[in-house]
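Raw contents of protein13.cif, mmCIF, C-alpha atoms and all ligand atoms:
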data_my_file
#
loop_
_atom_site.label_atom_id
_atom_site.label_comp_id
_atom_site.auth_asym_id
_atom_site.auth_seq_id
_atom_site.Cartn_x
_atom_site.Cartn_y
_atom_site.Cartn_z
CA MET A 1 0.00 0.00 0.00
CA PRO A 2 1.48 3.37 -0.95
CA GLU A 3 1.98 5.72 1.98
CA ARG A 4 2.49 9.50 2.07
CA VAL A 5 5.49 9.77 4.38
CA ALA A 6 5.85 13.55 4.07
CA PRO A 7 4.24 16.29 1.96
CA GLY A 8 5.10 15.43 -1.67
CA ALA A 9 6.79 12.14 -0.71
CA LEU A 10 5.36 8.70 -1.44
CA PHE A 11 6.59 5.35 -0.09
CA LEU A 12 5.81 2.42 -2.42
CA PRO A 13 6.77 -0.73 -0.48
CA GLY A 14 7.77 -3.61 -2.76
CA TYR A 15 7.11 -1.62 -5.93
CA ALA A 16 10.37 -2.90 -7.51
CA ALA A 17 10.33 -6.37 -5.90
CA SER A 18 9.43 -8.13 -9.14
CA ILE A 19 12.51 -6.75 -10.92
CA GLU A 20 14.92 -7.42 -8.03
CA ARG A 21 16.97 -10.13 -9.79
CA GLU A 22 17.01 -8.38 -13.14
CA ALA A 23 17.99 -5.08 -11.49
CA LEU A 24 20.86 -6.75 -9.61
CA ARG A 25 22.15 -8.20 -12.90
CA GLY A 26 21.92 -4.71 -14.40
CA ILE A 27 23.83 -3.26 -11.45
CA ALA A 28 26.57 -5.87 -11.97
CA ALA A 29 26.80 -4.96 -15.66
CA ILE A 30 27.07 -1.22 -14.85
CA CYS A 31 29.73 -1.89 -12.19
CA ALA A 32 31.77 -3.88 -14.73
CA LEU A 33 31.80 -0.86 -17.08
CA ALA A 34 32.04 1.84 -14.40
CA PRO A 35 33.35 0.43 -11.11
CA PRO A 36 31.96 2.09 -7.93
CA HIS A 37 34.38 4.34 -6.04
CA HIS A 38 34.54 5.91 -2.61
CA LEU A 39 34.51 9.48 -3.93
CA LEU A 40 36.45 12.26 -2.25
CA THR A 41 34.46 15.07 -0.67
CA PRO A 42 35.49 18.68 -1.31
CA GLY A 43 36.80 18.59 2.28
CA GLY A 44 39.12 15.69 1.45
CA ARG A 45 37.30 12.78 3.11
CA ARG A 46 36.24 9.55 1.41
CA LEU A 47 32.53 8.68 1.33
CA SER A 48 31.74 5.36 3.04
CA VAL A 49 29.19 4.68 0.29
CA ALA A 50 30.76 3.56 -3.02
CA MET A 51 29.18 5.21 -6.07
CA THR A 52 28.78 4.77 -9.78
CA GLY A 53 25.93 5.49 -12.15
CA CYS A 54 24.31 5.31 -15.54
CA GLY A 55 22.48 7.61 -17.90
CA ALA A 56 23.45 10.87 -19.59
CA PHE A 57 24.86 12.33 -16.37
CA GLY A 58 26.59 10.94 -13.32
CA TRP A 59 27.03 12.60 -9.95
CA HIS A 60 30.63 13.20 -9.02
CA SER A 61 32.55 14.59 -6.09
CA ASP A 62 36.19 15.51 -5.61
CA ARG A 63 38.28 18.39 -4.20
CA ALA A 64 36.69 20.64 -6.85
CA GLY A 65 33.16 20.07 -5.50
CA TYR A 66 29.92 18.19 -6.14
CA ARG A 67 28.61 18.19 -9.70
CA TYR A 68 27.06 16.23 -12.56
CA VAL A 69 29.40 15.08 -15.34
CA SER A 70 28.65 13.38 -18.66
CA ARG A 71 31.70 11.09 -18.44
CA ASP A 72 33.00 8.92 -15.64
CA PRO A 73 36.05 10.94 -14.54
CA VAL A 74 37.74 7.74 -13.37
CA SER A 75 37.52 5.86 -16.71
CA GLY A 76 37.14 8.87 -19.03
CA ARG A 77 34.23 7.11 -20.74
CA PRO A 78 30.56 8.09 -20.95
CA TRP A 79 28.38 6.53 -18.25
CA PRO A 80 26.71 3.22 -19.17
CA ALA A 81 23.23 3.58 -20.65
CA MET A 82 20.28 3.63 -18.27
CA PRO A 83 18.34 0.36 -18.73
CA ARG A 84 14.95 1.04 -20.28
CA SER A 85 13.19 -1.04 -17.62
CA TRP A 86 14.73 1.13 -14.88
CA ARG A 87 13.70 4.36 -16.58
CA ASP A 88 10.16 3.02 -17.03
CA LEU A 89 9.94 1.96 -13.38
CA ALA A 90 11.13 5.38 -12.19
CA ARG A 91 8.66 7.12 -14.50
CA GLU A 92 5.73 4.97 -13.34
CA ALA A 93 6.61 5.40 -9.65
CA ALA A 94 6.83 9.18 -10.12
CA GLU A 95 3.46 9.18 -11.88
CA ARG A 96 1.88 7.26 -8.98
CA ALA A 97 3.20 9.90 -6.62
CA GLY A 98 1.64 12.68 -8.68
CA TYR A 99 4.59 13.64 -10.90
CA PRO A 100 3.69 12.57 -14.45
CA GLY A 101 6.18 12.85 -17.31
CA PHE A 102 9.33 12.23 -15.25
CA GLU A 103 12.30 11.79 -17.61
CA PRO A 104 15.34 10.85 -15.52
CA GLN A 105 18.76 11.73 -16.95
CA SER A 106 20.85 10.21 -14.19
CA CYS A 107 20.73 7.09 -12.06
CA LEU A 108 23.19 7.20 -9.19
CA VAL A 109 24.11 3.69 -8.01
CA ASN A 110 25.00 3.70 -4.30
CA ARG A 111 26.64 0.64 -2.74
CA TYR A 112 26.46 0.35 1.05
CA ASP A 113 28.67 -2.22 2.77
CA THR A 114 28.34 -2.98 6.50
CA GLY A 115 28.66 0.29 8.44
CA ALA A 116 28.38 2.55 5.40
CA ARG A 117 26.19 5.58 6.01
CA MET A 118 25.10 8.84 4.49
CA GLY A 119 25.05 11.90 6.70
CA LEU A 120 22.12 14.33 6.66
CA HIS A 121 22.20 16.39 3.48
CA ARG A 122 19.98 17.91 0.80
CA ASP A 123 20.09 17.02 -2.91
CA CYS A 124 20.56 20.40 -4.57
CA ASP A 125 23.17 19.80 -7.29
CA GLU A 126 20.49 19.46 -10.00
CA ASP A 127 19.43 22.48 -12.08
CA ASP A 128 15.91 21.05 -12.26
CA LEU A 129 14.50 20.99 -8.73
CA THR A 130 10.91 20.76 -10.00
CA SER A 131 11.35 17.08 -10.89
CA PRO A 132 11.16 14.48 -8.13
CA VAL A 133 13.90 12.09 -7.00
CA VAL A 134 12.97 8.40 -7.22
CA SER A 135 14.94 6.04 -4.97
CA VAL A 136 14.89 2.23 -5.24
CA SER A 137 16.50 -0.06 -2.65
CA PHE A 138 17.83 -3.61 -3.00
CA GLY A 139 19.52 -5.97 -0.57
CA VAL A 140 20.06 -5.43 3.17
CA THR A 141 17.39 -3.34 4.94
CA ALA A 142 18.53 0.15 5.93
CA ALA A 143 17.14 2.87 8.18
CA PHE A 144 16.39 5.85 6.01
CA LEU A 145 16.38 9.16 7.89
CA PHE A 146 14.27 12.07 6.78
CA GLY A 147 13.93 15.46 8.30
CA GLY A 148 12.53 18.73 7.10
CA ALA A 149 13.54 21.90 5.33
CA GLU A 150 15.98 22.86 8.12
CA ARG A 151 18.97 20.83 9.27
CA HIS A 152 17.74 20.79 12.87
CA ASP A 153 14.17 19.76 12.11
CA PRO A 154 13.18 16.47 13.78
CA VAL A 155 14.25 13.34 11.88
CA ARG A 156 12.03 10.32 11.26
CA LYS A 157 13.30 6.81 10.55
CA LEU A 158 11.92 4.56 7.85
CA ALA A 159 13.05 0.96 7.29
CA VAL A 160 13.65 0.47 3.56
CA GLU A 161 13.71 -3.12 2.35
CA SER A 162 14.74 -4.75 -0.88
CA GLY A 163 12.32 -3.73 -3.62
CA ASP A 164 10.99 -0.63 -1.84
CA VAL A 165 10.63 2.62 -3.79
CA LEU A 166 10.42 6.19 -2.48
CA VAL A 167 9.46 9.25 -4.50
CA TRP A 168 10.55 12.64 -3.18
CA GLY A 169 9.02 15.64 -4.87
CA GLY A 170 7.34 18.97 -4.25
CA PRO A 171 7.92 20.18 -0.70
CA SER A 172 10.09 17.09 0.07
CA ARG A 173 12.48 17.58 -2.83
CA LEU A 174 14.85 19.68 -0.73
CA ALA A 175 14.26 17.99 2.62
CA TYR A 176 17.24 16.89 4.71
CA HIS A 177 17.80 13.13 4.61
CA GLY A 178 20.39 10.46 5.19
CA VAL A 179 20.95 6.75 5.83
CA ALA A 180 21.95 5.25 9.22
CA PRO A 181 25.04 2.95 9.29
CA LEU A 182 24.16 -0.29 7.50
CA PRO A 183 23.73 -3.14 10.02
CA ARG A 184 25.75 -6.35 9.59
CA ARG A 185 23.12 -8.54 7.92
CA THR A 186 22.97 -10.93 4.99
CA HIS A 187 20.53 -10.76 2.12
CA SER A 188 20.02 -13.85 -0.04
CA LEU A 189 20.88 -12.01 -3.29
CA THR A 190 23.34 -9.31 -2.19
CA GLY A 191 25.19 -10.79 0.80
CA PRO A 192 26.16 -7.93 3.16
CA LEU A 193 25.32 -5.17 0.69
CA ARG A 194 22.57 -2.65 0.17
CA TRP A 195 22.20 -1.06 -3.27
CA ASN A 196 20.26 2.14 -3.85
CA LEU A 197 19.33 3.48 -7.26
CA THR A 198 18.52 7.19 -7.30
CA PHE A 199 16.88 8.60 -10.42
CA ARG A 200 17.07 12.31 -11.15
CA ARG A 201 16.45 14.87 -13.81
CA VAL A 202 19.50 17.16 -13.97
CA THR A 203 18.71 19.83 -16.60
CA HIS A 204 15.54 21.78 -17.28
CA ARG A 205 13.36 20.56 -20.13
CA GLN A 206 13.51 22.79 -23.20
C1 LIG A 301 20.08 6.33 -0.43
N1 LIG A 301 20.59 8.42 -1.47
O1 LIG A 301 19.33 5.58 0.17
C2 LIG A 301 19.60 7.74 -0.69
C3 LIG A 301 18.32 7.67 -1.45
C4 LIG A 301 21.74 10.35 -2.30
C5 LIG A 301 20.82 9.72 -1.32
O2 LIG A 301 20.31 10.40 -0.46
O3 LIG A 301 21.79 11.58 -2.35
O4 LIG A 301 22.38 9.61 -3.08
S1 LIG A 301 17.73 9.24 -2.21
C6 LIG A 301 16.73 9.95 -0.98
C7 LIG A 301 16.16 11.35 -1.09
C8 LIG A 301 16.37 12.16 -2.19
C9 LIG A 301 15.78 13.43 -2.24
C10 LIG A 301 15.01 13.91 -1.17
C11 LIG A 301 14.85 13.07 -0.08
C12 LIG A 301 15.41 11.81 -0.03
N2 LIG A 301 14.08 13.51 1.01
O5 LIG A 301 13.36 14.52 0.95
O6 LIG A 301 14.13 12.88 2.10
O7 LIG A 301 21.22 6.00 -0.83
FE FE A 302 20.42 12.47 -1.07
#
Written as structure tokens, that's how I'd like the structure from this file.
Amino acid sequence: MPERVAPGALFLPGYAASIEREALRGIAAICALAPPHHLLTPGGRRLSVAMTGCGAFGWHSDRAGYRYVSRDPVSGRPWPAMPRSWRDLAREAAERAGYPGFEPQSCLVNRYDTGARMGLHRDCDEDDLTSPVVSVSFGVTAAFLFGGAERHDPVRKLAVESGDVLVWGGPSRLAYHGVAPLPRRTHSLTGPLRWNLTFRRVTHRQ
């Protein structure tokens, strides 16, 4: 049953469960072409989450800052293509949440190993902040943290399981959020890992 977890945000438990195996094969194919890396923050620290991506743009971070780039700076090659089935799933999930016509240009692939976490932050590196963010989780269950428009707003926890989808749009698009350290657990298909796919539109539509 879909659940409004915040204004503009919709939780679709199990929405991607039927494509779990296919999606994990797709993730393996993308990682073979563009291996995930622990990117450097502008402050010089390594992220505990390892990242890669697919689509026209990939999110990147290094000493020069956070930005979207059309080639993998590590390999020098364009990002792997976004699988059509992924794009369709993201578009349909966005439509269910009230955002029809979503055309993602970037799918960030986040790999969480035991203990990996993501501190509270806002996603604001996209030029187009009118489009939602669609996030799809596979593997080990994580505690997703979501707050409000201000860093010190109260934070709620949401357990996100393999196959769960979240759509963040409207007033939730710029909400603070993060992921608590991944517990040491085993999932039948991913072992100790959690994978998160995050679909975004980067540029404004013409
Ligand atoms: C994750 N990734 O589980 C999350 C899923 C990231 C990131 O946060 O930036 O790679 S995306 C969750 C999200 C996006 C936009 C808004 C909100 C949550 N929100 O309002 O809570 O690896
Ligand atoms: Fe984020």
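Pocket residues of ligand LIG 301 (chain A), taken as those with any atom at most 7 Å away using only C-alpha atoms and all ligand atoms, are Leu108, Asn110, Arg122, Asp123, Val133, Val134, Ser135, Ser137, Phe144, Phe146, Gly147, Trp168, Ser172, Arg173, Leu174, Ala175, Tyr176, His177, Gly178, Val179, Asn196 and Thr198 of chain A.
Shortest atom-to-atom contact with ligand FE 302 (chain A) among A:Gly139, A:Gly148, A:Gly169, A:Gly119: A:Gly119, counting all atoms listed in the file.
Comparing the minimum interatomic distances between ligand FE 302 (chain A) and each of A:Pro132, A:Pro78, A:Gly98, A:Pro35, counting all atoms listed in the file, we find that A:Pro132 sits nearest.
For the set A:Ser85, A:Thr203, A:Thr186, A:Thr141, the residue with the smallest atom-to-atom gap to Asp164 (chain A) is A:Thr141, counting only C-alpha atoms.
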| request: Would you work out the distance separating CA of Val49 (chain A) from CA of Trp86 (chain A), expressed in Å to one decimal? | output: 21.3 Å
| task | Name the closest residue to Glu95 (chain A) among the candidates A:Arg194, A:Tyr112, A:Arg200, A:Val167; distances are taken between atoms, counting all atoms listed in the file. | result | A:Val167
| field | Contacts of Thr130 (chain A) within 10 Å, all atoms listed in the file, excl. fewer than 6 positions in-chain, as a VMD selection string | value | chain A and resid 99 169 to 171 173 201 204
Report as lines of an AutoDock Vina configuration file the centre and the edge lengths, in Å to one decimal, of the axis-aligned box holding every listed atom of region 136-152 of chain A, padded by 8 Å on each side.
center_x = 16.3
center_y = 8.4
center_z = 3.8
size_x = 23.5
size_y = 44.8
size_z = 34.1
| Nearest to Ala97 (chain A), chosen from A:Gly115, A:Gly26, A:Gly8, A:Gly65, with all atoms listed in the file counted in the distances | A:Gly8
| query | If you measure from CA of Trp79 (chain A) to CA of Cys107 (chain A), what distance in Å do you get, rounded to one decimal? | reply | 9.9 Å
| note | Restricting to only C-alpha atoms and all ligand atoms, whichever of A:Val109, A:Ala94, A:Ala56, A:Leu182 is closest to ligand FE 302 (chain A) is A:Val109
| Radius query 8 Å about (27.6, 16.5, -17.3), atoms used: only C-alpha atoms, as a PyMOL selection string | chain A and resi 56-58+67-71
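In this structure, CA of Ser18 (chain A) sits 14.0 Å away from CA of Ala90 (chain A).
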| said: I'd like the contact shell of Leu47 (chain A) - 9 Å cut-off, all atoms listed in the file, skipping same-chain residues fewer than 5 positions apart - returned as a VMD selection string. | reply: chain A and resid 37 to 41 116 to 118
Can you rebuild region 101-118 of chain A with N, CA, C and O atoms and give it as a compact mmCIF listing (two decimals), in the frame of the given file?
# COMPACT_ATOMS: atom_id res chain seq x y z
N GLY A 101 5.22 12.36 -16.32
CA GLY A 101 6.18 12.85 -17.31
C GLY A 101 7.61 12.93 -16.84
O GLY A 101 8.43 13.61 -17.45
N PHE A 102 7.95 12.21 -15.76
CA PHE A 102 9.33 12.23 -15.25
C PHE A 102 10.27 11.57 -16.26
O PHE A 102 10.06 10.43 -16.65
N GLU A 103 11.29 12.31 -16.68
CA GLU A 103 12.30 11.79 -17.61
C GLU A 103 13.67 11.87 -16.95
O GLU A 103 14.36 12.88 -17.07
N PRO A 104 14.05 10.80 -16.23
CA PRO A 104 15.34 10.85 -15.52
C PRO A 104 16.51 10.87 -16.49
O PRO A 104 16.47 10.22 -17.53
N GLN A 105 17.54 11.64 -16.15
CA GLN A 105 18.76 11.73 -16.95
C GLN A 105 19.94 11.08 -16.25
O GLN A 105 21.01 10.96 -16.83
N SER A 106 19.74 10.73 -14.98
CA SER A 106 20.85 10.21 -14.19
C SER A 106 20.32 9.17 -13.23
O SER A 106 19.26 9.36 -12.63
N CYS A 107 21.02 8.06 -13.12
CA CYS A 107 20.73 7.09 -12.06
C CYS A 107 22.02 6.89 -11.30
O CYS A 107 22.98 6.30 -11.82
N LEU A 108 22.05 7.40 -10.08
CA LEU A 108 23.19 7.20 -9.19
C LEU A 108 23.05 5.81 -8.57
O LEU A 108 21.97 5.45 -8.10
N VAL A 109 24.11 5.03 -8.61
CA VAL A 109 24.11 3.69 -8.01
C VAL A 109 24.97 3.76 -6.75
O VAL A 109 26.18 3.98 -6.83
N ASN A 110 24.31 3.63 -5.60
CA ASN A 110 25.00 3.70 -4.30
C ASN A 110 25.16 2.29 -3.74
O ASN A 110 24.18 1.55 -3.63
N ARG A 111 26.38 1.95 -3.36
CA ARG A 111 26.64 0.64 -2.74
C ARG A 111 27.03 0.83 -1.27
O ARG A 111 28.03 1.47 -0.97
N TYR A 112 26.20 0.28 -0.39
CA TYR A 112 26.46 0.35 1.05
C TYR A 112 26.97 -1.00 1.51
O TYR A 112 26.28 -2.02 1.36
N ASP A 113 28.17 -1.03 2.08
CA ASP A 113 28.67 -2.22 2.77
C ASP A 113 28.36 -2.03 4.26
O ASP A 113 27.90 -0.96 4.67
N THR A 114 28.60 -3.07 5.06
CA THR A 114 28.34 -2.98 6.50
C THR A 114 28.95 -1.69 7.07
O THR A 114 30.13 -1.41 6.82
N GLY A 115 28.16 -0.93 7.79
CA GLY A 115 28.66 0.29 8.44
C GLY A 115 28.62 1.53 7.57
O GLY A 115 28.77 2.64 8.10
N ALA A 116 28.43 1.35 6.26
CA ALA A 116 28.38 2.55 5.40
C ALA A 116 27.14 3.38 5.74
O ALA A 116 26.09 2.84 6.10
N ARG A 117 27.28 4.68 5.63
CA ARG A 117 26.19 5.58 6.01
C ARG A 117 26.20 6.80 5.11
O ARG A 117 27.18 7.04 4.40
N MET A 118 25.12 7.56 5.20
CA MET A 118 25.10 8.84 4.49
C MET A 118 24.60 9.87 5.47
O MET A 118 23.49 9.75 6.00
